[in-house]
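Single-structure report; data block below.
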Protein chains: 6
Amino acid sequence: MKHRQILFSALQLTVQPKDALEKLMSKKITAIAWDYIEDENGSFPLIRSMGEIAGTTSFLIAAELMSNANNGKGLMLGGVAGISPPELVIIGAGTVGQFAASAALALGVSVKVFDNSLYKLRRLQKEIGHKVFTSVIQPKVLEKALKRCDVAIGAISAPGGRTPCIVSEDMVKKMKSGSVIVDVSIDKGGCFETSKITTHQKPTFLKHDIIHYCVPNIGSRVSRTASYSLSNIFSPLLIKIADSGGCEKLIQNAKGFRHGVYIYNGTLTSSILGKAFDLPHKNLDLLISAL
Amino acid sequence: MKHRQILFSALQLTVQPKDALEKLMSKKITAIAWDYIEDENGSFPLIRSMGEIAGTTSFLIAAELMSNANNGKGLMLGGVAGISPPELVIIGAGTVGQFAASAALALGVSVKVFDNSLYKLRRLQKEIGHKVFTSVIQPKVLEKALKRCDVAIGAISAPGGRTPCIVSEDMVKKMKSGSVIVDVSIDKGGCFETSKITTHQKPTFLKHDIIHYCVPNIGSRVSRTASYSLSNIFSPLLIKIADSGGCEKLIQNAKGFRHGVYIYNGTLTSSILGKAFDLPHKNLDLLISAL
Amino acid sequence: MKHRQILFSALQLTVQPKDALEKLMSKKITAIAWDYIEDENGSFPLIRSMGEIAGTTSFLIAAELMSNANNGKGLMLGGVAGISPPELVIIGAGTVGQFAASAALALGVSVKVFDNSLYKLRRLQKEIGHKVFTSVIQPKVLEKALKRCDVAIGAISAPGGRTPCIVSEDMVKKMKSGSVIVDVSIDKGGCFETSKITTHQKPTFLKHDIIHYCVPNIGSRVSRTASYSLSNIFSPLLIKIADSGGCEKLIQNAKGFRHGVYIYNGTLTSSILGKAFDLPHKNLDLLISAL
Amino acid sequence: MKHRQILFSALQLTVQPKDALEKLMSKKITAIAWDYIEDENGSFPLIRSMGEIAGTTSFLIAAELMSNANNGKGLMLGGVAGISPPELVIIGAGTVGQFAASAALALGVSVKVFDNSLYKLRRLQKEIGHKVFTSVIQPKVLEKALKRCDVAIGAISAPGGRTPCIVSEDMVKKMKSGSVIVDVSIDKGGCFETSKITTHQKPTFLKHDIIHYCVPNIGSRVSRTASYSLSNIFSPLLIKIADSGGCEKLIQNAKGFRHGVYIYNGTLTSSILGKAFDLPHKNLDLLISAL
Amino acid sequence: MKHRQILFSALQLTVQPKDALEKLMSKKITAIAWDYIEDENGSFPLIRSMGEIAGTTSFLIAAELMSNANNGKGLMLGGVAGISPPELVIIGAGTVGQFAASAALALGVSVKVFDNSLYKLRRLQKEIGHKVFTSVIQPKVLEKALKRCDVAIGAISAPGGRTPCIVSEDMVKKMKSGSVIVDVSIDKGGCFETSKITTHQKPTFLKHDIIHYCVPNIGSRVSRTASYSLSNIFSPLLIKIADSGGCEKLIQNAKGFRHGVYIYNGTLTSSILGKAFDLPHKNLDLLISAL
Amino acid sequence: MKHRQILFSALQLTVQPKDALEKLMSKKITAIAWDYIEDENGSFPLIRSMGEIAGTTSFLIAAELMSNANNGKGLMLGGVAGISPPELVIIGAGTVGQFAASAALALGVSVKVFDNSLYKLRRLQKEIGHKVFTSVIQPKVLEKALKRCDVAIGAISAPGGRTPCIVSEDMVKKMKSGSVIVDVSIDKGGCFETSKITTHQKPTFLKHDIIHYCVPNIGSRVSRTASYSLSNIFSPLLIKIADSGGCEKLIQNAKGFRHGVYIYNGTLTSSILGKAFDLPHKNLDLLISAL
């Protein structure tokens with residue numbers, strides 16, 4: 001392991017260009033996607049933490065974009081007694097959706113959450129505590145909700161691969177002029193047909209008179225919070241690596257950690273990346289047992 | 001006070017026919033409207049208790065009328081994960097509206113409360129705890145809400161006199177077929193133009209394909225609960241009457257109790273009833289100080 | 001698969017008479033009990049949705065049966081300040097029990113939940129949020145609770161087979177006259193000794209002066225809500241069947257779906273039904289691998 | 001005001017012996033009962049703060065007295081899944097009762113609150129948030145509750161004068177052996193017939209096998225918290241006195257402060273104390289306008 | 001009233017220059033400060049609505065200023081499991097403070113609220129529902145809290161006149177570098193010694209490395225929400241004016257409305273403005289009764 | 001199984017001295033650690049129940065130790081409006097920590113929970129409902145929290161074996177004088193370096209002026225509650241033993257029950273105890289399959 005390098009990075013399909021991968025492979029690097037490391041309960045602690053941050057942040061961004069100071073509609077994303085509250089549609093009932101919904105409800109916004117998994121909708125209901133409007137993604141119900149809303153947040157998760165496009169350009173056209181879309185799913189392609197990646201320098205664009213916010217890795221807007229969160233998870237990991245006698249040992253012995261490896265000593269081991277970029281790849285478990 | 005009679009009754013304009021009043025007057029009776037008695041904090045304890053009962057009951061009635069067993073739409077007045085929840089419009093943010101809203105929210109119904117008093121809307125918000133959709137009665141907002149809802153509850157209070165008509169026949173026509181109206185305000189005339197008094201024997205009628213429930217004194221549906229509630233308030237009152245040396249003494253000395261008197265030894269003292277039925281009436285305070 | 005028929009139905013022991021089964025078998029039908037289909041998390045989405053509906057509905061039915069309008073005691077199933085609240089005993093801490101408890105608590109009813117599984121009692125506690133009275137089923141504690149209560153809801157679930165009888169006729173006799181029993185467990189035999197199946201036409205009977213409501217499949221009272229809920233789950237399923245190249249393919253490949261099959265091309269594959277009606281049955285997994 | 005002294009003290013009828021009063025009067029002292037000072041909203045800030053402390057503390061004391069370590073029943077004053085929770089009866093729905101109820105509910109104790117004021121019961125309900133069992137003091141309902149409970153807290157307030165005795169010795173006899181009574185009302189005489197003042201040195205006694213805790217001024221058990229609370233209220237007061245040009249000036253000008261005076265330059269001005277100890281007393285307002 | 005003009009405006013001391021007042025007076029205008037109009041319950045509905053908006057908005061602004069996108073610390077103003085939450089100090093427990101606190105708590109921020117009125121601190125506690133850290137303004141406790149916090153919001157209200165300065169420049173110097181101050185009280189002078197009015201064009205400045213946001217009338221950032229809110233209150237008012245036979249009539253008859261008048265037909269009637277700008281002023285009640 | 005004895009006991013390393021074990025072994029006893037029995041969901045019902053009790057009780061003990069009556073600081077472990085609330089640090093986010101936190105939050109105490117498992121911190125957050133301060137155990141953050149707190153509860157769980165020492169003597173020295181430590185982890189060695197086992201007779205000692213409470217098996221303070229809880233779990237177990245044809249049969253057939261055995265007919269089967277006391281031990285599964 002002496003002369004080899006380890007790389008921790010997030011496995012983001014849209015951002016991981018083919019030649020970057022090939023360079024990593026040619027340098028015999030072992031690359032670990034930190035967002036794919038599992039904990040002892042089989043859940044992804046990093047994804048979950050980043051999701052909490054992205055959920056709350058997406059709500060705060062929407063609030064910003066609606067204020068006058070940011071050329072928005074001049075609406076407050078919160079309730080005031082006696083005025084119909086602003087409406088928020090959230091697509092996706094995972095961690096991101098849950099934290100966005102929870103913030104919005106607490107401020108008195110009217111919230112509708114859509115997802116195709118009844119299991120996730122129920123979990124969201126339970127974790128939020130209140131009764132919330134939840135619905136499976138039925139096009140007619142969704143379209144009606146989008147027409148009436150002031151903000152739509154895209155927060156669908158795609159377990160490996162590209163996010164499905166849920167909201168067609170047609171539906172976006174029918175939204176109220178001046179409304180806001182925050183597409184958190186943009187990291188994996190976005191769930192609005194009209195979404196296109198933007199940057200922190202120029203985070204929004206107008207399309208069909210709807211303000212689109214499509215900066216990937218939304219957590220980087222609050223980088224210090226995100227760093228604390230990552231170091232909370234990495235510190236024990238690095239200690240474990242040291243205790244285990246190096247990274248390679250840990251890869252061999254810890255199933256959860258192994259789950260994050262996508263290049264092992266220069267060999268691509270992620271079938272998703274292999275298929276996406278048409279690169280040769282091998283199964284990590286076979287590679288290791290062959291040692 | 002020996003040979004005179006006292007009558008406790010609710011002061012209900014629509015139910016109090018003129019000849020009943022005249023009979024009471026000719027018999028030199030002292031009649032006390034229990035719903036007009038004030039407590040030491042200047043609030044009406046009986047109105048409040050009856051309002052709590054009417055609010056919860058109106059919600060339960062709406063639930064009944066929507067079920068198949070009662071020829072309704074076959075909708076459950078409650079939320080289920082993954083289905084758009086039924087919508088409830090409540091007109092009036094007093095005690096009745098608050099208890100109806102609170103029950104509905106707890107069961108996962110989507111609720112909108114309308115009232116012209118910001119003060120009441122805020123109080124409701126505060127007492128219910130959650131953030132609720134509240135709005136002043138703007139015709140356009142109200143009409144949109146009525147069009148979309150499954151149930152509308154009329155719960156506007158009229159401080160002395162007839163309830164104002166809030167929902168025109170036109171608005172009712174635009175409601176979804178099979179929807180339910182429960183007009184709790186019917187005691188004082190109703191706040192839907194299409195409301196007409198019904199009875200426990202035949203509690204509902206169809207108009208414009210909307211099920212109307214307009215039984216006055218809705219609390220009588222749960223008579224035992226209502227009785228407990230009244231006796232909770234009357235027992236201390238009767239003890240007070242005895243302690244004070246009779247009803248007449250209490251009328252003279254206790255301002256809150258005096259507030260409930262509408263016939264005093266045969267003289268009509270309620271200006272509301274006097275004007276409504278064109279009967280001579282005198283001011284009670286003057287009458288008493290003349291003693 | 002051309003000439004064969006598929007039947008989706010609920011697997012209800014008490015309603016599934018032997019000759020109906022034999023007819024299905026003779027017609028070489030493949031019958032799938034939708035309530036036994038598992039989702040990707042190993043839970044039963046349909047059972048859960050139907051349970052949410054049955055739980056809320058059982059509470060609303062109890063409220064109806066207590067009102068004067070339905071010849072009940074004239075009690076409101078809800079709290080009013082200053083009056084001892086009505087008491088509700090719920091037997092079973094599954095989904096039905098949880099939704100009944102949650103509705104009742106929200107309306108101010110005093111609730112006691114009994115179950116033999118500490119795990120379920122804790123889960124209910126957690127999902128409801130408040131602290132609730134929970135108890136394992138100790139006969140003495142249960143009897144005392146039944147004596148004092150105004151409504152008892154039977155909501156015990158029987159994983160395959162008949163519900164155990166929890167409440168003896170003796171205990172029922174000791175309940176307060178005019179009280180209400182809603183036995184949701186009647187679908188699988190009921191958990192009160194005095195329960196007997198009733199119909200929507202005549203939903204209740206009196207026994208020992210207790211009003212019994214024992215209509216099976218309680219969700220059919222709110223048929224539209226139930227249908228929405230089923231179609232939410234069936235639509236993706238039917239699309240999956242089409243995508244998989246027919247039902248048979250899906251049975252072979254999808255473990256969760258296979259779990260619902262009880263007749264496969266005319267062969268009974270449910271051991272529960274086989275034993276109950278003394279019919280020959282085979283193991284589905286063996287049948288399929290024999291193909 | 002040079003040579004005169006001011007005394008701040010709590011106006012406690014049972015503790016204020018006649019000769020102490022006479023000594024104060026003979027020394028021409030101006031004595032101010034801090035618990036009778038009103039703030040700008042007409043409420044008693046000190047009474048309220050002391051009530052918050054007494055309410056929470058009375059609950060914590062009851063918990064102590066039930067544990068084995070203190071020779072109690074060995075019951076935990078809190079809920080555990082699957083066990084009938086301990087029952088707590090609170091008599092009095094003022095601040096003390098509210099804080100005791102709130103603590104108990106949060107820990108999963110089953111709580112019943114009694115008071116004769118519907119207004120207070122409603123306020124408690126509202127401030128606590130959850131629905132609670134509340135009841136006016138009907139002897140039969142109260143007796144039943146006391147028979148079943150594990151702890152009873154006396155927290156009735158007496159606006160001037162002695163607390164009425166609510167619970168007779170007979171009722172106490174019927175309580176379960178080993179139960180606990182904490183009589184916070186003991187400051188003004190106690191609301192259990194069996195209560196007798198105890199001290200921090202020997203805080204409890206057994207009567208009819210019920211543990212009685214009757215230490216007056218319960219807040220002194222947490223003296224530091226109580227001091228912080230008092231100094232929070234006194235510091236602005238003392239500053240005001242200085243700003244106003246001395247105490248006498250403040251008495252003349254500030255109605256709320258004047259409300260606390262019971263001896264003014266040696267003249268008794270409290271009619272309650274005057275009547276209780278048969279001492280001559282004068283009206284303070286008249287005294288001052290005579291200056 | 002024909003040829004005279006009425007002016008509705010907010011009565012803001014800092015923004016109302018002397019010559020503007022004199023111009024209004026010379027034109028014989030009747031000027032009404034809408035924020036001083038009382039409703040039937042003696043509360044200020046406009047102040048309250050604007051306060052709700054300002055409270056929520058101040059929280060959202062603080063969140064913006066902390067993100068990287070706005071050159072802040074890169075902290076998210078919300079909680080993430082496993083990371084010490086950001087800390088927020090709120091000075092003032094009125095409507096603004098309450099809404100800021102409520103939003104922050106809901107997002108998992110650690111909140112401390114300071115005010116000198118125990119009454120307001122309790123009300124805030126009650127309205128928010130949760131237990132919150134509240135403290136009277138003790139310099140040592142406040143200083144410690146400011147040292148540790150990430151955001152401080154100034155929300156003290158000054159009933160007529162300038163806000164007192166609560167936080168000295170010395171205290172500001174001790175705050176953590178990069179922290180944020182949002183001084184909502186800036187409308188009436190601000191409660192931080194370092195506050196200076198800023199504009200929407202350049203809303204912030206750095207002082208002692210603390211980001212200061214001091215734009216007056218914070219609600220104008222969400223102008224549409226603010227307008228809806230105002231029109232909710234003005235529409236019924238204008239209708240009332242018409243119904244009453246003109247503004248002058250309403251001033252004579254409606255006490256609450258009269259409360260808002262500060263120039264009456266060219267005569268200054270506000271003693272606060274009179275004293276502040278050294279202008280002659282008369283009592284409105286005397287003026288009217290002289291008519 | 002006739003002449004052999006079964007022993008149910010808690011498996012407590014610190015209390016289980018070597019010779020006691022050897023005696024049990026020589027008597028050919030089968031010993032079952034009830035706290036290691038698993039239920040059908042793979043969780044430990046007894047540990048969980050005991051944890052609920054220990055959590056609530058540890059909070060109540062801390063409250064006792066802070067009062068004057070027990071020579072504490074004289075602080076109330078609860079919030080009062082206007083006073084900085086007392087601070088509580090909880091180390092460990094398992095059941096004990098959760099119940100301690102939940103009680104403390106409900107009474108208005110400021111709570112900080114530390115644990116190294118993000119999974120547990122999140123679960124606690126979710127089960128408690130409110131947002132709580134949670135943090136992974138970072139020495140600097142923990143030390144700061146301990147310095148400021150009034151009470152620290154040690155509630156870390158050690159899955160087999162000794163609790164790790166989390167708080168060094170140095171950190172304890174820095175705590176405020178008069179503060180309280182309740183080390184619930186003392187059963188498995190304690191998580192404060194200064195902890196030493198105490199008894200119910202003399203439950204506390206002072207070290208560095210900090211009150212330490214280190215009685216193991218904290219639930220025995222509320223023995224009746226603990227017994228109810230155990231009998232809730234043992235009764236069905238004993239019935240199962242009888243139904244299964246004796247304990248030995250159940251050990252052979254029920255995996256969850258087998259999990260509790262640590263001596264089987266005289267052979268030590270717990271590797272933890274074997275290693276701890278250097279005693280020969282065998283694998284139970286092998287032993288049984290050898291039968």
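Following the order of the structure tokens, chains are lettered A, B, ..., residues in each are numbered from 1, and ligands are numbered from 1.
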Which residues of chain B have any atom within 8 Å of an atom in chain A when counting only C-alpha atoms, and what is the closest pair of atoms for each, with the distance in Å to one decimal? Order the rows by chain and rising number and write it as a tab-separated table.
```
residue	atom	partner	partner_atom	distance
B:Gly79	CA	A:Lys131	CA	7.7
B:Ala81	CA	A:Arg122	CA	5.9
B:Gly82	CA	A:Ser135	CA	3.8
B:Ile83	CA	A:Ser135	CA	4.9
B:Ser84	CA	A:Ser135	CA	5.7
B:Pro85	CA	A:Phe133	CA	6.4
B:Leu105	CA	A:Lys131	CA	7.4
B:Ala106	CA	A:Lys131	CA	7.2
B:Leu107	CA	A:Lys131	CA	7.6
B:Gly108	CA	A:Lys131	CA	5.1
B:Ser110	CA	A:Phe133	CA	7.5
B:Phe114	CA	A:Gly82	CA	7.9
B:Leu118	CA	A:Gly82	CA	6.1
B:Leu121	CA	A:Ala81	CA	6.5
B:Arg122	CA	A:Ala81	CA	5.9
B:Gln125	CA	A:Ala81	CA	7.8
B:Lys131	CA	A:Gly108	CA	5.0
B:Val132	CA	A:Gly108	CA	7.0
B:Phe133	CA	A:Ser84	CA	6.2
B:Thr134	CA	A:Gly82	CA	5.0
B:Ser135	CA	A:Gly82	CA	3.8
B:Val136	CA	A:Gly82	CA	5.1
```
Take the selection from the previous step and output its residues with N, CA and C atoms, as a compact mmCIF listing (two decimals), in the first residue's frame.
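part-v4.txt, written as the output of this step:
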```
# COMPACT_ATOMS: atom_id res chain seq x y z
N GLY B 79 -57.02 11.31 6.72
CA GLY B 79 -55.93 11.12 5.78
C GLY B 79 -55.44 9.68 5.72
N ALA B 81 -52.00 7.62 3.94
CA ALA B 81 -50.73 7.91 3.27
C ALA B 81 -50.87 7.66 1.78
N GLY B 82 -50.43 8.62 0.97
CA GLY B 82 -50.40 8.42 -0.47
C GLY B 82 -51.63 8.87 -1.23
N ILE B 83 -52.67 9.31 -0.54
CA ILE B 83 -53.89 9.81 -1.20
C ILE B 83 -54.09 11.27 -0.81
N SER B 84 -54.42 12.13 -1.80
CA SER B 84 -54.73 13.52 -1.47
C SER B 84 -55.80 13.52 -0.38
N PRO B 85 -55.58 14.21 0.71
CA PRO B 85 -56.57 14.20 1.79
C PRO B 85 -57.83 14.95 1.40
N LEU B 105 -57.82 18.38 11.60
CA LEU B 105 -56.37 18.37 11.40
C LEU B 105 -55.76 17.11 12.00
N ALA B 106 -56.25 16.74 13.17
CA ALA B 106 -55.70 15.58 13.86
C ALA B 106 -55.91 14.31 13.06
N LEU B 107 -56.96 14.28 12.27
CA LEU B 107 -57.23 13.08 11.47
C LEU B 107 -56.63 13.17 10.07
N GLY B 108 -55.92 14.26 9.79
CA GLY B 108 -55.21 14.33 8.52
C GLY B 108 -56.00 14.98 7.41
N SER B 110 -57.27 18.18 5.23
CA SER B 110 -56.71 19.47 4.86
C SER B 110 -57.75 20.55 5.18
N PHE B 114 -61.83 30.42 7.51
CA PHE B 114 -62.11 31.80 7.10
C PHE B 114 -62.82 32.55 8.21
N LEU B 118 -59.20 39.11 12.22
CA LEU B 118 -57.81 38.64 12.32
C LEU B 118 -57.52 38.17 13.72
N LEU B 121 -58.71 34.64 14.04
CA LEU B 121 -57.88 33.72 13.26
C LEU B 121 -56.57 33.44 14.00
N ARG B 122 -56.00 34.48 14.58
CA ARG B 122 -54.77 34.30 15.32
C ARG B 122 -54.97 33.46 16.56
N GLN B 125 -55.24 29.92 15.57
CA GLN B 125 -53.90 29.42 15.24
C GLN B 125 -53.15 29.04 16.51
N LYS B 131 -49.57 25.26 12.60
CA LYS B 131 -49.89 26.30 11.63
C LYS B 131 -51.06 25.79 10.79
N VAL B 132 -52.06 26.60 10.61
CA VAL B 132 -53.23 26.24 9.81
C VAL B 132 -53.39 27.27 8.70
N PHE B 133 -54.04 26.89 7.63
CA PHE B 133 -54.41 27.84 6.60
C PHE B 133 -55.52 28.72 7.17
N THR B 134 -55.26 30.01 7.32
CA THR B 134 -56.33 30.92 7.74
C THR B 134 -56.42 32.05 6.74
N SER B 135 -57.61 32.58 6.55
CA SER B 135 -57.77 33.68 5.61
C SER B 135 -58.94 34.55 6.02
N VAL B 136 -58.80 35.85 5.82
CA VAL B 136 -59.97 36.71 5.97
C VAL B 136 -60.93 36.34 4.83
```
Check your understanding: If you run DSSP on this backbone, which residues of region 103-257 of chain F come out as alpha helix (DSSP H), and could you give them as a count of residues only?
Key -> 63
Exercise for review: Considering only C-alpha atoms, return as a PyMOL selection string whatever protein or nucleic-acid residues lie within 12 Å of Ser185 (chain F), sequence-local ones (same chain, fewer than 3 positions apart) excluded.
Suggested key: chain F and resi 12-14+51+54-55+58+90-92+94+96-97+153-159+161-166+181-182+188-193+195-197+213-218
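Atom to atom, CA of His208 (chain E) and CA of Asp170 (chain E) stand 9.9 Å apart.
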Exercise for review: Pick out the residues sitting within 6 Å of Gly260 (chain F), and hand them over as a PyMOL selection string; count only C-alpha atoms, and ignore anything fewer than 6 positions along from it in its own chain.
Suggested key: chain F and resi 32-34+36-37
Residues just named, written with all heavy atoms as a CSV table (one decimal), in the first residue's frame:
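again.csv was written with the following content:
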```csv
chain,number,residue,atom,x,y,z
F,32,ILE,N,-29.4,-18.5,32.8
F,32,ILE,CA,-29.9,-17.7,31.7
F,32,ILE,C,-29.9,-16.2,32.1
F,32,ILE,O,-30.5,-15.8,33.1
F,32,ILE,CB,-31.3,-18.1,31.3
F,32,ILE,CG1,-31.3,-19.6,30.9
F,32,ILE,CG2,-31.9,-17.3,30.2
F,32,ILE,CD1,-32.6,-20.3,30.9
F,33,ALA,N,-29.2,-15.5,31.3
F,33,ALA,CA,-29.1,-14.0,31.6
F,33,ALA,C,-30.3,-13.4,30.9
F,33,ALA,O,-30.4,-13.3,29.7
F,33,ALA,CB,-27.8,-13.4,31.0
F,34,TRP,N,-31.3,-13.0,31.7
F,34,TRP,CA,-32.5,-12.5,31.1
F,34,TRP,C,-32.3,-11.3,30.2
F,34,TRP,O,-33.1,-11.0,29.3
F,34,TRP,CB,-33.7,-12.3,32.1
F,34,TRP,CG,-33.4,-11.5,33.3
F,34,TRP,CD1,-33.2,-11.9,34.6
F,34,TRP,CD2,-33.2,-10.0,33.4
F,34,TRP,NE1,-32.9,-10.9,35.4
F,34,TRP,CE2,-32.9,-9.7,34.7
F,34,TRP,CE3,-33.2,-9.0,32.4
F,34,TRP,CZ2,-32.7,-8.4,35.2
F,34,TRP,CZ3,-33.0,-7.7,32.9
F,34,TRP,CH2,-32.7,-7.4,34.2
F,36,TYR,N,-30.2,-10.9,28.1
F,36,TYR,CA,-29.6,-11.3,26.8
F,36,TYR,C,-30.6,-12.1,25.9
F,36,TYR,O,-30.3,-12.5,24.8
F,36,TYR,CB,-28.3,-12.1,27.0
F,36,TYR,CG,-27.1,-11.2,27.1
F,36,TYR,CD1,-27.0,-10.4,28.2
F,36,TYR,CD2,-26.2,-11.1,26.2
F,36,TYR,CE1,-25.9,-9.5,28.4
F,36,TYR,CE2,-25.1,-10.3,26.3
F,36,TYR,CZ,-24.9,-9.5,27.4
F,36,TYR,OH,-23.9,-8.7,27.6
F,37,ILE,N,-31.8,-12.3,26.4
F,37,ILE,CA,-32.9,-13.0,25.6
F,37,ILE,C,-33.4,-12.0,24.5
F,37,ILE,O,-33.7,-10.9,24.8
F,37,ILE,CB,-34.0,-13.4,26.5
F,37,ILE,CG1,-33.5,-14.4,27.6
F,37,ILE,CG2,-35.1,-14.1,25.7
F,37,ILE,CD1,-34.6,-14.8,28.6
```
Check your understanding: If you measure from CA of Thr56 (chain D) to CA of Gly178 (chain D), what distance in Å do you get, rounded to one decimal?
Key ->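 We find that CA of Thr56 (chain D) and CA of Gly178 (chain D) lie 21.9 Å from each other.
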**Study point:** Spatial neighbours of Asp285 (chain B), 12 Å, only C-alpha atoms, chain gap at least 6 places, as a list in words
**Key:** Ile251, Gln252, Asn253, Ala254, Lys255, Arg258, His259, Val261, Tyr262, Tyr264, Thr269, Ser270 and Leu291 of chain B
Take the residues that were just selected and, keeping C-alpha atoms, output them as a PDB file, in the first residue's frame.
```pdb
ATOM      1  CA  ILE B 251     -80.403  39.441  39.554  1.00  0.00           C
ATOM      2  CA  GLN B 252     -80.053  42.627  41.526  1.00  0.00           C
ATOM      3  CA  ASN B 253     -76.548  41.937  42.746  1.00  0.00           C
ATOM      4  CA  ALA B 254     -74.744  39.836  40.175  1.00  0.00           C
ATOM      5  CA  LYS B 255     -74.036  41.703  36.969  1.00  0.00           C
ATOM      6  CA  ARG B 258     -78.404  39.787  35.258  1.00  0.00           C
ATOM      7  CA  HIS B 259     -76.929  39.774  31.773  1.00  0.00           C
ATOM      8  CA  VAL B 261     -82.420  37.986  31.923  1.00  0.00           C
ATOM      9  CA  TYR B 262     -84.737  38.713  29.002  1.00  0.00           C
ATOM     10  CA  TYR B 264     -88.269  40.243  34.274  1.00  0.00           C
ATOM     11  CA  THR B 269     -86.012  43.403  28.844  1.00  0.00           C
ATOM     12  CA  SER B 270     -84.197  42.227  25.733  1.00  0.00           C
ATOM     13  CA  LEU B 291     -87.375  49.066  42.814  1.00  0.00           C
TER      14      LEU B 291
END
```
Review point. To one decimal place, how far is CA of Ser220 (chain C) from CA of Phe44 (chain C) in Å?
Key: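 Rounded to one decimal, the two atoms are 19.0 Å apart.
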**Study point:** Test item: residues at most 10 Å from Asn71 (chain C), only C-alpha atoms, excluding those fewer than 4 positions along its chain, as a PyMOL selection string
**Key:** (chain B and resi 221) or (chain C and resi 64-67+178+211)
Exercise for review: Would you please give, as a ChimeraX atom specification, all residues of region 2-218 of chain A that DSSP assigns to strand (DSSP E) based on the backbone?
Suggested key: /A:6-9,30-33,87-91,110-114,133-135,151-154,180-183,204-207,210-213
Review point. Out of D:Leu279, D:Ala20, D:Lys27, D:Phe257, which residue has the shortest atom-to-atom distance to Asp39 (chain D) when counting only C-alpha atoms?
Key: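 Looking only at the distances to Asp39 (chain D), the closest residue turns out to be D:Phe257.
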